[in-house]
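This report refers to the structure that appears directly beneath it.
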Amino acid sequence: MNNPETLLKLVGSRIREFRKLSGLSQEALGEKAGLSYSYIGRMENGHKNISLLNLAKIANVLNVSVHEFFSNVSDYETLSENDKLKKEIYLLLNEQDGDALLLAKNILKELFKHK
């Protein structure tokens, strides 16, 4: 993977998926793993380079193996350029709240209307 920022976002997104499947908030995950909720949030959004030790703590709380955070990440390299762009757009949208998502939807609708 050539882009470290994309790797951070992909792994962070996987952690978020497992956290939500476990029914935990960022605060609850942070408390159980001995990490701050703001660290969890920055890490899930790909803004924090997570250490292997912290990754192991999070995996332990979520009852998954560390390698599961990297599953589907290697698949990124085999995607077409268009699919990579779609994935990156998804990762950007995945970080946003409802208001920002609605704004993005409206902008895209207007953009594609004039295509």
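Each chain in the structure tokens gets a letter, A, B and so on, in the order shown; residues start at 1 in every chain, and ligands are counted from 1 in the order they appear.
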Would you return as a PyMOL selection string the members of chain A that DSSP assigns to helix (DSSP H, G or I) on this structure's backbone?
chain A and resi 4-21+26-33+37-44+52-62+66-69+74-78+81-94+98-113
Restricting the calculation to only C-alpha atoms: of A:Asn60, A:Asn45, A:Phe18, A:Lys105, which residue gets closest to Lys32 (chain A)?
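Ranked by minimum distance to Lys32 (chain A), first place goes to A:Asn60.
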Region 89-103 of chain A surroundings by only C-alpha atoms, 9 Å radius, close-in-sequence under 3 positions cut, as JSON, numbers by chain
{"A": [6, 9, 10, 13, 44, 45, 84, 85, 86, 106, 107, 108]}
May I have the residues from that selection written out with C-alpha atoms, as a JSON list (two decimals), in the first residue's frame?
```
[["chain", "number", "residue", "atom", "x", "y", "z"],
["A", 6, "THR", "CA", -5.25, 5.43, 3.40],
["A", 9, "LYS", "CA", -8.25, 5.09, 7.45],
["A", 10, "LEU", "CA", -8.91, 1.54, 6.27],
["A", 13, "SER", "CA", -12.75, 1.91, 9.61],
["A", 44, "GLU", "CA", -11.04, 5.30, 13.84],
["A", 45, "ASN", "CA", -10.93, 8.35, 11.57],
["A", 84, "LYS", "CA", -10.20, 2.93, -5.00],
["A", 85, "LEU", "CA", -11.75, 6.36, -5.44],
["A", 86, "LYS", "CA", -15.14, 5.02, -4.34],
["A", 106, "ASN", "CA", -27.25, 17.34, -1.98],
["A", 107, "ILE", "CA", -23.96, 18.51, -3.51],
["A", 108, "LEU", "CA", -23.55, 15.21, -5.36]]
```
From the options A:Asn49, A:Asn54, A:Asn63, A:Asn82, which residue's atoms come nearest to Glu5 (chain A), counting only C-alpha atoms?
A:Asn49
Give me the residues within 10 Å of Leu55 (chain A) as a short mmCIF file (atom, residue, chain, number, x, y, z; two decimals) with C-alpha atoms, in the first residue's frame, counting only C-alpha atoms and dropping any in the same chain fewer than 5 places off.
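part_28.cif, freshly written:
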```cif
data_model
loop_
_atom_site.label_atom_id
_atom_site.label_comp_id
_atom_site.auth_asym_id
_atom_site.auth_seq_id
_atom_site.Cartn_x
_atom_site.Cartn_y
_atom_site.Cartn_z
CA ILE A 15 -12.01 -1.08 14.07
CA ALA A 33 -8.93 -0.82 26.62
CA MET A 43 -7.73 6.37 15.42
CA ILE A 50 -2.02 3.40 16.43
CA ASN A 60 -8.83 -8.04 23.11
CA SER A 65 -7.68 -11.17 16.36
CA VAL A 66 -5.46 -8.22 15.44
CA HIS A 67 -5.16 -9.54 11.89
CA PHE A 69 -8.36 -5.28 11.44
#
```
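Between CA of Lys20 (chain A) and CA of Gly41 (chain A) the separation is 12.7 Å.
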Quick check, in Å to one decimal: how far apart do CA of Glu88 (chain A) and CA of Ser36 (chain A) lie?
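That distance, rounded to one decimal, is 26.4 Å.
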Residue neighbourhood Lys48 (chain A), 8 Å, only C-alpha atoms, exclusion window fewer than 5 positions, as a ChimeraX atom specification
/A:8,39,42-43
